[in-house]
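Peer 1: Contents of target28.txt (compact mmCIF, C-alpha atoms and all ligand atoms):
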# COMPACT_ATOMS: atom_id res chain seq x y z
CA MET A 1 20.62 88.50 37.04
CA ILE A 2 22.04 86.32 39.75
CA PRO A 3 24.26 83.46 38.49
CA SER A 4 22.81 80.05 39.25
CA THR A 5 25.95 79.07 41.17
CA SER A 6 25.24 81.94 43.60
CA ILE A 7 21.71 80.70 44.07
CA ASN A 8 22.99 77.20 44.83
CA ARG A 9 25.59 78.50 47.26
CA ARG A 10 23.06 80.73 49.02
CA GLY A 11 20.59 77.85 49.10
CA ALA A 12 23.18 75.57 50.63
CA LEU A 13 24.13 78.14 53.27
CA LYS A 14 20.48 78.78 54.08
CA ALA A 15 19.84 75.10 54.49
CA LEU A 16 22.89 74.73 56.71
CA THR A 17 21.88 77.62 58.99
CA ALA A 18 18.37 76.18 59.15
CA GLY A 19 19.83 72.93 60.39
CA GLY A 20 19.19 71.17 57.06
CA ALA A 21 22.64 69.63 56.84
CA GLY A 22 21.39 66.71 54.76
CA LEU A 23 19.95 69.01 52.10
CA ALA A 24 23.11 71.08 52.13
CA ALA A 25 25.27 68.02 51.54
CA MET A 26 23.07 67.11 48.59
CA MET A 27 23.47 70.58 47.05
CA LEU A 28 27.22 70.89 47.51
CA PRO A 29 29.23 70.39 44.34
CA ARG A 30 31.02 67.05 44.42
CA LYS A 31 34.42 68.73 44.11
CA LEU A 32 33.93 70.48 47.45
CA MET A 33 33.53 67.19 49.24
CA GLY A 34 37.15 66.14 48.72
CA PRO A 35 38.50 62.95 47.18
CA GLU A 36 37.72 60.88 50.24
CA GLY A 37 34.05 61.91 50.39
CA LEU A 38 32.18 64.12 52.81
CA ASN A 39 33.53 66.21 55.64
CA ALA A 40 32.66 65.27 59.21
CA GLU A 41 29.42 67.25 59.40
CA GLU A 42 28.25 65.97 56.02
CA GLN A 43 29.10 62.40 56.93
CA ILE A 44 26.68 62.64 59.83
CA ALA A 45 24.00 63.88 57.48
CA ALA A 46 24.79 61.66 54.52
CA PRO A 47 23.19 58.37 55.64
CA SER A 48 19.78 60.01 55.43
CA LEU A 49 20.39 60.62 51.72
CA ARG A 50 21.44 57.13 50.73
CA ALA A 51 19.62 53.85 50.94
CA LEU A 52 22.94 52.07 51.41
CA PRO A 53 26.30 53.15 52.84
CA ARG A 54 29.21 53.49 50.46
CA LEU A 55 31.40 50.41 50.09
CA LYS A 56 35.12 50.30 49.65
CA ILE A 57 37.15 47.98 47.47
CA THR A 58 39.30 45.80 49.72
CA ASP A 59 41.00 43.42 47.29
CA VAL A 60 41.24 42.30 43.67
CA ARG A 61 41.73 38.62 42.91
CA THR A 62 43.02 38.00 39.37
CA ILE A 63 42.06 34.58 38.04
CA PRO A 64 43.75 33.63 34.76
CA MET A 65 42.88 30.17 33.46
CA THR A 66 43.31 28.17 30.28
CA VAL A 67 40.28 26.17 29.16
CA GLY A 68 41.13 24.16 26.05
CA ARG A 69 42.47 26.61 23.44
CA TYR A 70 41.17 29.63 25.31
CA HIS A 71 43.22 31.70 27.71
CA LEU A 72 40.73 33.53 29.93
CA THR A 73 41.41 36.27 32.47
CA VAL A 74 38.71 37.16 34.99
CA VAL A 75 38.73 39.01 38.30
CA LYS A 76 36.88 39.13 41.57
CA VAL A 77 36.72 42.60 43.13
CA MET A 78 36.10 42.27 46.87
CA THR A 79 34.39 44.88 49.07
CA ASP A 80 34.22 45.62 52.78
CA GLU A 81 30.72 44.15 52.91
CA PRO A 82 31.31 40.50 53.83
CA GLY A 83 30.43 38.19 50.94
CA LEU A 84 29.79 40.98 48.43
CA TYR A 85 32.07 40.97 45.40
CA GLY A 86 31.86 41.55 41.67
CA VAL A 87 33.24 39.57 38.73
CA GLY A 88 34.62 40.94 35.47
CA CYS A 89 36.28 39.70 32.27
CA GLY A 90 39.47 41.03 30.70
CA THR A 91 40.20 38.16 28.38
CA HIS A 92 42.87 38.78 25.76
CA SER A 93 43.47 35.20 24.78
CA GLU A 94 46.72 36.00 22.96
CA ARG A 95 48.33 37.94 25.81
CA GLN A 96 46.77 36.48 28.96
CA ALA A 97 49.84 36.94 31.16
CA VAL A 98 50.23 40.63 30.28
CA VAL A 99 46.62 41.44 31.22
CA ALA A 100 46.88 39.55 34.50
CA ASP A 101 50.13 41.37 35.31
CA THR A 102 48.60 44.77 34.44
CA ILE A 103 45.70 44.14 36.81
CA GLU A 104 47.95 43.00 39.65
CA ARG A 105 50.72 45.60 39.27
CA TYR A 106 48.81 48.69 38.24
CA MET A 107 45.04 48.42 38.64
CA LYS A 108 44.85 46.70 42.02
CA PRO A 109 47.10 49.13 43.95
CA ALA A 110 45.23 52.08 42.42
CA ILE A 111 41.72 50.98 43.34
CA VAL A 112 41.97 49.15 46.67
CA GLY A 113 40.54 51.62 49.19
CA ARG A 114 38.42 53.41 46.56
CA TYR A 115 34.61 53.45 46.67
CA ALA A 116 33.14 50.64 44.58
CA ASP A 117 30.50 52.90 43.01
CA ASP A 118 33.04 55.35 41.57
CA ILE A 119 32.87 53.48 38.27
CA ASN A 120 33.26 56.46 35.96
CA ASP A 121 36.11 58.01 37.91
CA ILE A 122 38.04 54.75 38.18
CA TRP A 123 37.60 54.06 34.46
CA HIS A 124 38.80 57.49 33.35
CA MET A 125 41.75 57.54 35.75
CA ALA A 126 42.78 54.10 34.47
CA TRP A 127 42.47 55.34 30.87
CA LEU A 128 44.78 58.28 31.52
CA ALA A 129 47.18 56.71 34.02
CA PRO A 130 49.53 55.01 31.48
CA TYR A 131 49.74 58.35 29.55
CA TRP A 132 49.61 56.49 26.20
CA ARG A 133 45.94 55.66 25.71
CA ALA A 134 44.28 52.61 24.23
CA SER A 135 46.77 49.87 24.91
CA VAL A 136 44.77 46.71 24.33
CA ASP A 137 46.41 45.07 27.36
CA ALA A 138 45.51 48.00 29.64
CA SER A 139 41.99 48.13 28.15
CA ASN A 140 41.40 44.47 28.96
CA ALA A 141 42.62 45.01 32.52
CA MET A 142 40.28 48.01 32.82
CA SER A 143 37.40 45.95 31.45
CA ALA A 144 37.87 43.29 34.11
CA ILE A 145 37.63 45.86 36.90
CA ASP A 146 34.84 47.82 35.19
CA GLY A 147 32.63 44.73 34.76
CA ALA A 148 33.14 43.78 38.39
CA LEU A 149 32.14 47.27 39.59
CA TRP A 150 28.92 47.17 37.53
CA ASP A 151 28.28 43.70 38.97
CA ILE A 152 28.71 45.05 42.51
CA LEU A 153 26.42 47.99 41.78
CA GLY A 154 23.70 45.69 40.48
CA LYS A 155 24.03 43.31 43.40
CA ARG A 156 23.72 46.17 45.87
CA ALA A 157 20.71 47.59 44.06
CA GLY A 158 19.15 44.13 43.73
CA MET A 159 18.82 44.75 39.98
CA PRO A 160 20.27 43.10 36.87
CA VAL A 161 22.80 45.31 35.07
CA TYR A 162 20.43 45.72 32.10
CA GLU A 163 18.06 47.55 34.42
CA LEU A 164 20.85 49.89 35.53
CA LEU A 165 21.31 50.64 31.81
CA GLY A 166 17.70 51.71 31.46
CA GLY A 167 15.85 48.45 31.14
CA LYS A 168 15.21 45.75 28.58
CA LEU A 169 14.06 46.57 25.04
CA ARG A 170 13.67 42.89 24.10
CA PRO A 171 13.02 39.74 26.12
CA ALA A 172 16.06 37.86 24.78
CA VAL A 173 19.02 38.35 22.46
CA PRO A 174 19.16 36.63 19.04
CA MET A 175 22.53 35.16 18.05
CA PHE A 176 24.17 34.00 14.85
CA ALA A 177 25.55 30.47 14.47
CA ASN A 178 28.68 29.43 12.61
CA ALA A 179 28.66 26.89 9.78
CA ASN A 180 32.10 25.76 8.67
CA GLY A 181 32.90 23.21 6.00
CA SER A 182 35.26 22.37 3.19
CA SER A 183 32.62 22.36 0.43
CA PRO A 184 29.30 24.11 -0.33
CA ASP A 185 27.47 20.87 0.52
CA GLU A 186 29.17 20.59 3.92
CA ILE A 187 28.40 24.23 4.69
CA GLU A 188 24.81 23.69 3.60
CA ASP A 189 24.57 20.84 6.13
CA GLY A 190 25.88 23.21 8.82
CA VAL A 191 23.40 25.93 7.90
CA ARG A 192 20.50 23.46 7.96
CA ALA A 193 21.63 22.12 11.37
CA ALA A 194 21.75 25.67 12.76
CA ILE A 195 18.26 26.43 11.43
CA GLU A 196 17.07 23.18 13.03
CA GLU A 197 18.45 24.43 16.36
CA GLY A 198 16.45 27.63 16.04
CA TYR A 199 18.99 30.03 14.54
CA GLN A 200 17.83 32.53 11.93
CA PHE A 201 21.31 33.97 11.34
CA VAL A 202 24.29 31.89 10.19
CA ARG A 203 27.87 32.94 9.45
CA ILE A 204 29.68 30.67 7.03
CA ARG A 205 33.33 29.87 6.49
CA HIS A 206 35.33 27.57 4.29
CA ALA A 207 37.52 25.44 6.50
CA ASP A 208 40.34 25.65 3.96
CA SER A 209 40.35 29.43 3.60
CA ARG A 210 42.04 30.01 6.97
CA PRO A 211 44.75 27.51 7.85
CA PRO A 212 45.55 26.89 11.51
CA ALA A 213 47.50 29.75 13.06
CA ASP A 214 50.38 28.12 14.87
CA GLY A 215 52.62 31.01 15.69
CA TRP A 216 54.76 33.45 13.82
CA SER A 217 58.01 31.67 14.53
CA GLU A 218 56.99 28.25 13.20
CA VAL A 219 59.55 27.71 10.44
CA ASP A 220 61.65 24.71 9.45
CA ASP A 221 65.46 24.48 9.33
CA GLU A 222 65.46 26.25 5.97
CA GLY A 223 63.42 29.11 7.38
CA ALA A 224 60.29 28.16 5.41
CA PRO A 225 56.82 28.17 7.01
CA VAL A 226 55.88 24.74 8.33
CA PHE A 227 52.11 25.21 8.37
CA PRO A 228 49.69 25.58 5.45
CA ALA A 229 49.52 29.04 3.93
CA ARG A 230 46.35 30.93 3.10
CA ARG A 231 45.13 30.53 -0.47
CA ARG A 232 45.16 33.24 -3.11
CA ASP A 233 42.40 35.87 -3.11
CA ILE A 234 40.82 34.78 -6.39
CA VAL A 235 40.25 31.26 -5.04
CA ASN A 236 38.63 32.53 -1.87
CA VAL A 237 36.44 35.14 -3.55
CA ASN A 238 35.14 32.73 -6.22
CA GLU A 239 34.55 29.97 -3.70
CA LEU A 240 32.62 32.25 -1.34
CA VAL A 241 30.35 33.60 -4.07
CA GLU A 242 29.67 30.09 -5.35
CA THR A 243 28.87 28.89 -1.83
CA PHE A 244 26.45 31.76 -1.15
CA GLU A 245 24.77 31.06 -4.53
CA HIS A 246 24.54 27.38 -3.60
CA LEU A 247 22.95 28.22 -0.23
CA ARG A 248 20.39 30.55 -1.80
CA ASP A 249 19.52 27.84 -4.35
CA THR A 250 19.23 25.06 -1.79
CA VAL A 251 18.36 26.54 1.63
CA GLY A 252 16.57 29.60 0.31
CA TRP A 253 16.20 33.18 1.36
CA ASP A 254 14.65 32.98 4.84
CA VAL A 255 18.01 32.61 6.59
CA GLU A 256 20.32 35.57 7.14
CA LEU A 257 23.83 34.72 5.91
CA SER A 258 27.14 36.36 6.68
CA HIS A 259 30.87 35.76 6.36
CA ASP A 260 33.95 37.01 8.21
CA VAL A 261 36.58 38.13 5.72
CA HIS A 262 38.93 38.78 8.66
CA GLY A 263 40.82 41.40 6.69
CA ALA A 264 42.42 38.55 4.79
CA LEU A 265 41.85 39.75 1.23
CA SER A 266 43.58 42.58 -0.54
CA PRO A 267 41.36 45.68 -0.45
CA SER A 268 40.47 45.46 -4.12
CA SER A 269 39.60 41.74 -3.84
CA ALA A 270 37.45 42.49 -0.79
CA LEU A 271 35.60 45.17 -2.73
CA THR A 272 35.08 42.71 -5.61
CA LEU A 273 33.55 40.28 -3.10
CA ALA A 274 31.20 42.90 -1.62
CA LYS A 275 29.96 43.85 -5.10
CA ALA A 276 29.55 40.23 -6.21
CA CYS A 277 27.51 39.46 -3.07
CA GLU A 278 24.96 42.22 -3.67
CA PRO A 279 22.40 39.98 -5.43
CA LEU A 280 22.76 37.40 -2.64
CA ARG A 281 21.38 39.77 0.04
CA LEU A 282 23.83 39.02 2.85
CA HIS A 283 23.26 39.97 6.47
CA PHE A 284 26.80 41.34 6.43
CA LEU A 285 30.39 40.84 5.39
CA GLU A 286 32.57 41.15 8.49
CA ASP A 287 35.97 42.86 8.64
CA LEU A 288 36.00 43.37 4.90
CA PHE A 289 39.22 45.35 5.34
CA SER A 290 41.86 45.17 8.06
CA PRO A 291 42.44 48.14 10.41
CA GLU A 292 45.46 49.08 8.27
CA ASP A 293 43.12 49.53 5.29
CA ALA A 294 40.15 51.08 7.15
CA HIS A 295 39.94 54.04 4.75
CA TRP A 296 38.68 51.57 2.12
CA TYR A 297 35.32 51.39 3.95
CA GLU A 298 34.42 54.73 2.39
CA HIS A 299 34.92 53.24 -1.07
CA ALA A 300 33.02 50.07 -0.20
CA ARG A 301 30.04 52.13 0.97
CA ALA A 302 30.10 54.16 -2.25
CA GLN A 303 30.36 51.15 -4.54
CA SER A 304 28.36 48.37 -2.86
CA SER A 305 25.14 47.96 -0.88
CA THR A 306 26.33 44.77 0.87
CA PRO A 307 26.10 45.50 4.62
CA ILE A 308 29.41 45.68 6.47
CA ALA A 309 30.30 44.73 10.05
CA TYR A 310 33.60 45.89 11.43
CA GLY A 311 35.54 46.45 14.60
CA GLU A 312 36.77 43.46 16.59
CA LEU A 313 40.34 44.80 16.42
CA ILE A 314 39.39 48.35 17.43
CA VAL A 315 40.92 49.65 20.67
CA ASN A 316 40.78 53.42 20.18
CA GLN A 317 37.79 55.73 19.71
CA ASN A 318 39.50 57.37 16.75
CA GLU A 319 39.17 54.10 14.89
CA TRP A 320 35.39 53.81 15.06
CA VAL A 321 34.11 57.39 15.28
CA PRO A 322 34.70 58.31 11.61
CA LEU A 323 33.34 54.95 10.41
CA ALA A 324 30.12 55.41 12.39
CA ALA A 325 29.70 59.15 11.90
CA ASN A 326 30.14 58.81 8.12
CA ARG A 327 27.87 55.75 8.03
CA TRP A 328 30.54 53.68 6.29
CA ILE A 329 29.66 50.58 8.32
CA ASP A 330 26.36 48.97 9.30
CA TYR A 331 27.43 47.00 12.40
CA ILE A 332 30.02 47.84 15.03
CA ARG A 333 31.85 44.69 16.16
CA CYS A 334 34.13 45.83 18.99
CA HIS A 335 35.49 43.27 21.42
CA ILE A 336 34.14 44.87 24.59
CA SER A 337 37.07 44.01 26.84
CA ALA A 338 39.55 45.27 24.22
CA ILE A 339 38.01 48.75 24.29
CA GLY A 340 37.94 48.91 28.11
CA GLY A 341 34.66 47.28 29.10
CA LEU A 342 31.00 48.10 29.57
CA THR A 343 31.54 51.77 30.47
CA PRO A 344 32.89 52.78 27.02
CA ALA A 345 30.81 50.18 25.15
CA ARG A 346 27.52 51.69 26.27
CA LYS A 347 28.71 55.08 25.01
CA ILE A 348 29.66 53.57 21.63
CA ALA A 349 26.21 51.96 21.40
CA ALA A 350 24.50 55.25 22.22
CA CYS A 351 26.62 57.19 19.74
CA CYS A 352 26.03 54.65 16.96
CA GLU A 353 22.26 54.81 17.53
CA PHE A 354 22.19 58.30 16.06
CA PHE A 355 24.04 57.21 12.91
CA GLY A 356 22.01 54.10 12.17
CA VAL A 357 24.89 51.77 13.04
CA ARG A 358 23.84 48.64 14.93
CA THR A 359 25.81 46.70 17.52
CA SER A 360 27.17 43.20 17.09
CA TRP A 361 29.79 42.88 19.81
CA HIS A 362 32.58 40.39 19.18
CA GLY A 363 31.73 37.27 21.17
CA PRO A 364 33.67 34.16 20.21
CA ALA A 365 34.56 31.30 22.54
CA ASN A 366 37.67 33.14 23.71
CA VAL A 367 35.47 35.49 25.73
CA SER A 368 34.55 34.15 29.18
CA PRO A 369 30.86 33.69 30.11
CA ILE A 370 31.34 36.78 32.33
CA GLY A 371 32.29 38.78 29.22
CA HIS A 372 29.35 37.27 27.34
CA ALA A 373 27.07 38.36 30.20
CA VAL A 374 28.34 41.94 29.80
CA ASN A 375 27.55 41.75 26.07
CA MET A 376 24.07 40.38 26.80
CA HIS A 377 23.13 43.04 29.36
CA LEU A 378 24.15 45.78 26.94
CA ASP A 379 22.35 44.07 24.02
CA LEU A 380 19.14 43.93 26.04
CA ALA A 381 19.21 47.66 26.75
CA THR A 382 20.43 48.89 23.33
CA LYS A 383 17.85 50.19 20.84
CA ASN A 384 20.24 49.79 17.89
CA PHE A 385 21.26 46.25 18.82
CA GLY A 386 21.85 44.16 15.68
CA ILE A 387 22.88 40.58 16.40
CA ALA A 388 24.93 38.72 19.02
CA GLU A 389 27.69 36.22 18.49
CA GLY A 390 27.77 33.14 20.66
CA ASP A 391 27.45 29.40 20.83
CA PRO A 392 25.82 27.47 23.69
CA PHE A 393 28.20 27.15 26.66
CA SER A 394 29.70 23.71 27.26
CA ASP A 395 28.87 21.85 30.48
CA GLU A 396 32.46 22.53 31.56
CA LEU A 397 32.09 26.29 31.13
CA GLN A 398 28.72 26.32 32.87
CA GLU A 399 30.29 24.58 35.85
CA LEU A 400 33.24 26.98 35.86
CA PHE A 401 30.91 29.99 35.54
CA PRO A 402 27.68 29.28 37.47
CA GLY A 403 24.84 31.45 36.19
CA ALA A 404 26.29 31.76 32.65
CA PRO A 405 23.61 33.28 30.39
CA GLU A 406 21.15 30.65 29.19
CA ARG A 407 21.41 29.88 25.48
CA ARG A 408 18.90 27.88 23.45
CA ASN A 409 16.97 28.16 20.18
CA GLY A 410 19.54 30.57 18.80
CA MET A 411 18.86 33.05 21.60
CA THR A 412 20.46 34.19 24.87
CA TYR A 413 18.00 34.56 27.72
CA PRO A 414 18.64 36.80 30.74
CA SER A 415 17.81 35.93 34.31
CA ASP A 416 16.60 38.47 36.84
CA ALA A 417 19.60 37.79 39.09
CA PRO A 418 21.15 41.01 40.41
CA GLY A 419 24.33 42.31 38.80
CA LEU A 420 25.76 40.39 35.84
CA GLY A 421 24.11 37.21 37.15
CA VAL A 422 27.20 35.03 36.66
CA ASP A 423 29.93 33.86 39.04
CA ILE A 424 33.32 32.12 38.89
CA ASN A 425 33.95 28.76 40.54
CA GLU A 426 37.43 29.54 41.91
CA GLU A 427 37.98 26.08 43.32
CA MET A 428 37.34 24.49 39.92
CA ALA A 429 39.30 27.21 38.11
CA ALA A 430 42.40 26.12 40.04
CA ASN A 431 42.36 22.96 37.90
CA TYR A 432 42.83 25.07 34.74
CA PRO A 433 46.23 26.74 35.26
CA PRO A 434 47.00 29.66 32.93
CA GLN A 435 49.33 29.00 30.02
CA GLY A 436 49.94 32.62 29.13
CA GLY A 437 48.21 32.97 25.76
CA ARG A 438 48.84 31.94 22.19
CA ASP A 439 50.26 33.50 19.05
CA ARG A 440 48.17 34.03 15.95
CA GLY A 441 50.68 34.56 13.17
CA MET A 442 49.61 33.42 9.71
CA ARG A 443 51.17 33.27 6.28
CA CYS A 444 50.06 34.17 2.77
CA PHE A 445 50.24 31.78 -0.17
CA ASP A 446 53.82 32.90 -0.88
CA GLY A 447 54.97 32.35 2.71
CA SER A 448 54.99 35.99 3.76
CA PRO A 449 53.19 37.09 6.96
CA CYS A 450 49.54 38.10 6.54
CA HIS A 451 46.59 39.11 8.68
CA PRO A 452 45.27 36.28 10.86
MG MG B 1 35.45 38.35 13.31
Would you mind writing the file out in structure tokens?
Ligand code: MG
Peer 2:
Amino acid sequence: MIPSTSINRRGALKALTAGGAGLAAMMLPRKLMGPEGLNAEEQIAAPSLRALPRLKITDVRTIPMTVGRYHLTVVKVMTDEPGLYGVGCGTHSERQAVVADTIERYMKPAIVGRYADDINDIWHMAWLAPYWRASVDASNAMSAIDGALWDILGKRAGMPVYELLGGKLRPAVPMFANANGSSPDEIEDGVRAAIEEGYQFVRIRHADSRPPADGWSEVDDEGAPVFPARRRDIVNVNELVETFEHLRDTVGWDVELSHDVHGALSPSSALTLAKACEPLRLHFLEDLFSPEDAHWYEHARAQSSTPIAYGELIVNQNEWVPLAANRWIDYIRCHISAIGGLTPARKIAACCEFFGVRTSWHGPANVSPIGHAVNMHLDLATKNFGIAEGDPFSDELQELFPGAPERRNGMTYPSDAPGLGVDINEEMAANYPPQGGRDRGMRCFDGSPCHP
């Protein structure tokens, strides 16, 4: 039996001797073409195989900006086709300056001169280059470049990114709203307002349960914390259960309700909450346990049927693989730029599909509209999509990011614009100078540090 590689080699040689250089170039293994592409003979033949010539990356423009409380970092990746560029988001609102520096110092020198469609190769080289994998700062920098390269690919193809991912499975993406308040009645008002706006999913939160996070070094002359501390677990658990009971009694059962625990309870208190919420039929409890206590998800699954969403603090594949493969969570909540961007996120979505885990990518206001566009394109093309997070964009953000995904009636609607469909208004962005990020330290009821 002749090995298939021999057949390919013979076929390639035959085609070459027959003058079929184009066919031969197509059959040659990629590794034989060299890192810079085809040899001289193949370059002559190559244009007949491609609809468009390959483009090179000529520059990366890092654009950090601070809009209100949010410290955004986006990029423009320029190409040697005049006017063609891509945009990407690498927002890590707490460490804006570090991400911007990583892009400028490490990513930009490595990719200028590379082909813009080498998305996979650039991503994996960037993953391995720092030797230590899964730094959240490096992942955000990678995400910014990765998003921009997908944007360029879509623009060149004249197709929205969701079509590059295999096409839409739904016409629009449903989102959940947030209803915050300091009493069950106030939260009820928020839930009713969201339903009025068209939302069918609402996440609730007691305004008092999470005091403002003002920084880990905020102490007075005596060394005591100067900002309000989080309340004790028993207060929070009882209050949440009472509020959910109130909402079921008053608003009813047609709305899907959820809550973000934010890893703030002790593991046993969090498990008590999940069990107490069973009769209330929640959409999910989010981040029931912190990453430090992730092994508790196995116990929660065994002891409670309340659905669980988890993952906005994940940066490494080892953190989510066991949770998904063992079916200990129902929704994966990664922050797409924190795991490295669209390229790894689409693999996570595909992997989770086979374990019945649905996607609900982290999407608060400290993700730029470019990042939200990445989330939306992936949501549209993901079979096991669960729910999206996002509020309507302010007029200010829509002006800063022309083409931001359209949001109304509790849904995000795609356009058929090529690429990600969103841009950055650089001239306007110059009026929002970066402030570097913010700290998120928080304290427990006794003044000791606790999870924000
Ligand atoms: Mg959360």
Peer 1: Kindly extract all protein, DNA and RNA residues lying within 12 Å of the coordinates (43.6, 26.0, 35.9) given in the file, considering only C-alpha atoms, and supply them as a ChimeraX atom specification.
Peer 2: /A:63-68,70-73,400,425-436
Peer 1: Suppose we keep C-alpha atoms; can you now write the selection as a tab-separated table (two decimals), in the frame of the given file?
Peer 2:
chain	number	residue	atom	x	y	z
A	63	ILE	CA	42.06	34.58	38.04
A	64	PRO	CA	43.75	33.63	34.76
A	65	MET	CA	42.88	30.17	33.46
A	66	THR	CA	43.31	28.17	30.28
A	67	VAL	CA	40.28	26.17	29.16
A	68	GLY	CA	41.13	24.16	26.05
A	70	TYR	CA	41.17	29.63	25.31
A	71	HIS	CA	43.22	31.70	27.71
A	72	LEU	CA	40.73	33.53	29.93
A	73	THR	CA	41.41	36.27	32.47
A	400	LEU	CA	33.24	26.98	35.86
A	425	ASN	CA	33.95	28.76	40.54
A	426	GLU	CA	37.43	29.54	41.91
A	427	GLU	CA	37.98	26.08	43.32
A	428	MET	CA	37.34	24.49	39.92
A	429	ALA	CA	39.30	27.21	38.11
A	430	ALA	CA	42.40	26.12	40.04
A	431	ASN	CA	42.36	22.96	37.90
A	432	TYR	CA	42.83	25.07	34.74
A	433	PRO	CA	46.23	26.74	35.26
A	434	PRO	CA	47.00	29.66	32.93
A	435	GLN	CA	49.33	29.00	30.02
A	436	GLY	CA	49.94	32.62	29.13
Peer 1: Of the candidates A:His335, A:Arg438, A:Arg50, A:Arg230, which one gets nearest to ligand MG 1 (chain B) if we count all atoms listed in the file?
Peer 2: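 Nearest candidate to ligand MG 1 (chain B) out of A:His335, A:Arg438, A:Arg50, A:Arg230: A:His335.
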Peer 1: Looking at all atoms listed in the file, which of A:Val173, A:Ile119, A:Leu271, A:Val237 is the one that sits closest to Ala148 in chain A?
Peer 2: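 Smallest distance to Ala148 in chain A is found for A:Ile119.
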Peer 1: Taking into account all atoms listed in the file, which residue in the set A:Asp254, A:Asp260, A:Asp233, A:Asp117 is nearest to ligand MG 1 (chain B)?
Peer 2: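 When distances to ligand MG 1 (chain B) are compared using all atoms listed in the file, the smallest one comes from A:Asp260.
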Peer 1: For chain A against ligand MG 1 (chain B), with a cut-off of 9 Å and counting all atoms listed in the file, what is the closest atom pair and its distance in Å to one decimal for every residue that makes the cut, ordered by chain and number, as CSV?
Peer 2:
residue,atom,partner,partner_atom,distance
A:His259,CA,B:MG1,MG,8.7
A:Asp260,CA,B:MG1,MG,5.5
A:Val261,CA,B:MG1,MG,7.7
A:His262,CA,B:MG1,MG,5.8
A:Glu286,CA,B:MG1,MG,6.3
A:Asp287,CA,B:MG1,MG,6.5
A:Ala309,CA,B:MG1,MG,8.8
A:Tyr310,CA,B:MG1,MG,8.0
A:Gly311,CA,B:MG1,MG,8.2
A:Glu312,CA,B:MG1,MG,6.2
A:Leu313,CA,B:MG1,MG,8.7
A:Arg333,CA,B:MG1,MG,7.8
A:His362,CA,B:MG1,MG,6.8
A:Gly363,CA,B:MG1,MG,8.8
A:Pro364,CA,B:MG1,MG,8.3
Peer 1: How many Å separate CA of Ala338 in chain A from CA of Val315 in chain A?
Peer 2: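 Separation of CA of Ala338 in chain A and CA of Val315 in chain A: 5.8 Å.
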Peer 1: Using all atoms listed in the file, which of the listed residues (A:Ile329, A:Ala264, A:Val202, A:Ala270) sits closest to Phe244 in chain A?
Peer 2: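 Under the stated criterion, the closest residue is A:Val202.
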Peer 1: If I take CA of Ala350 in chain A and CA of Ser93 in chain A, how far is one from the other in Å, to one decimal?
Peer 2: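 Distance between the two atoms: 27.7 Å.
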Peer 1: Select, from A:Pro449, A:Gly166, A:Gly198, A:Gly437, the residue with the minimum atom-to-atom distance to Gln96 in chain A, counting only C-alpha atoms.
Peer 2: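 Checking each candidate against Gln96 in chain A, we get A:Gly437 as the closest.
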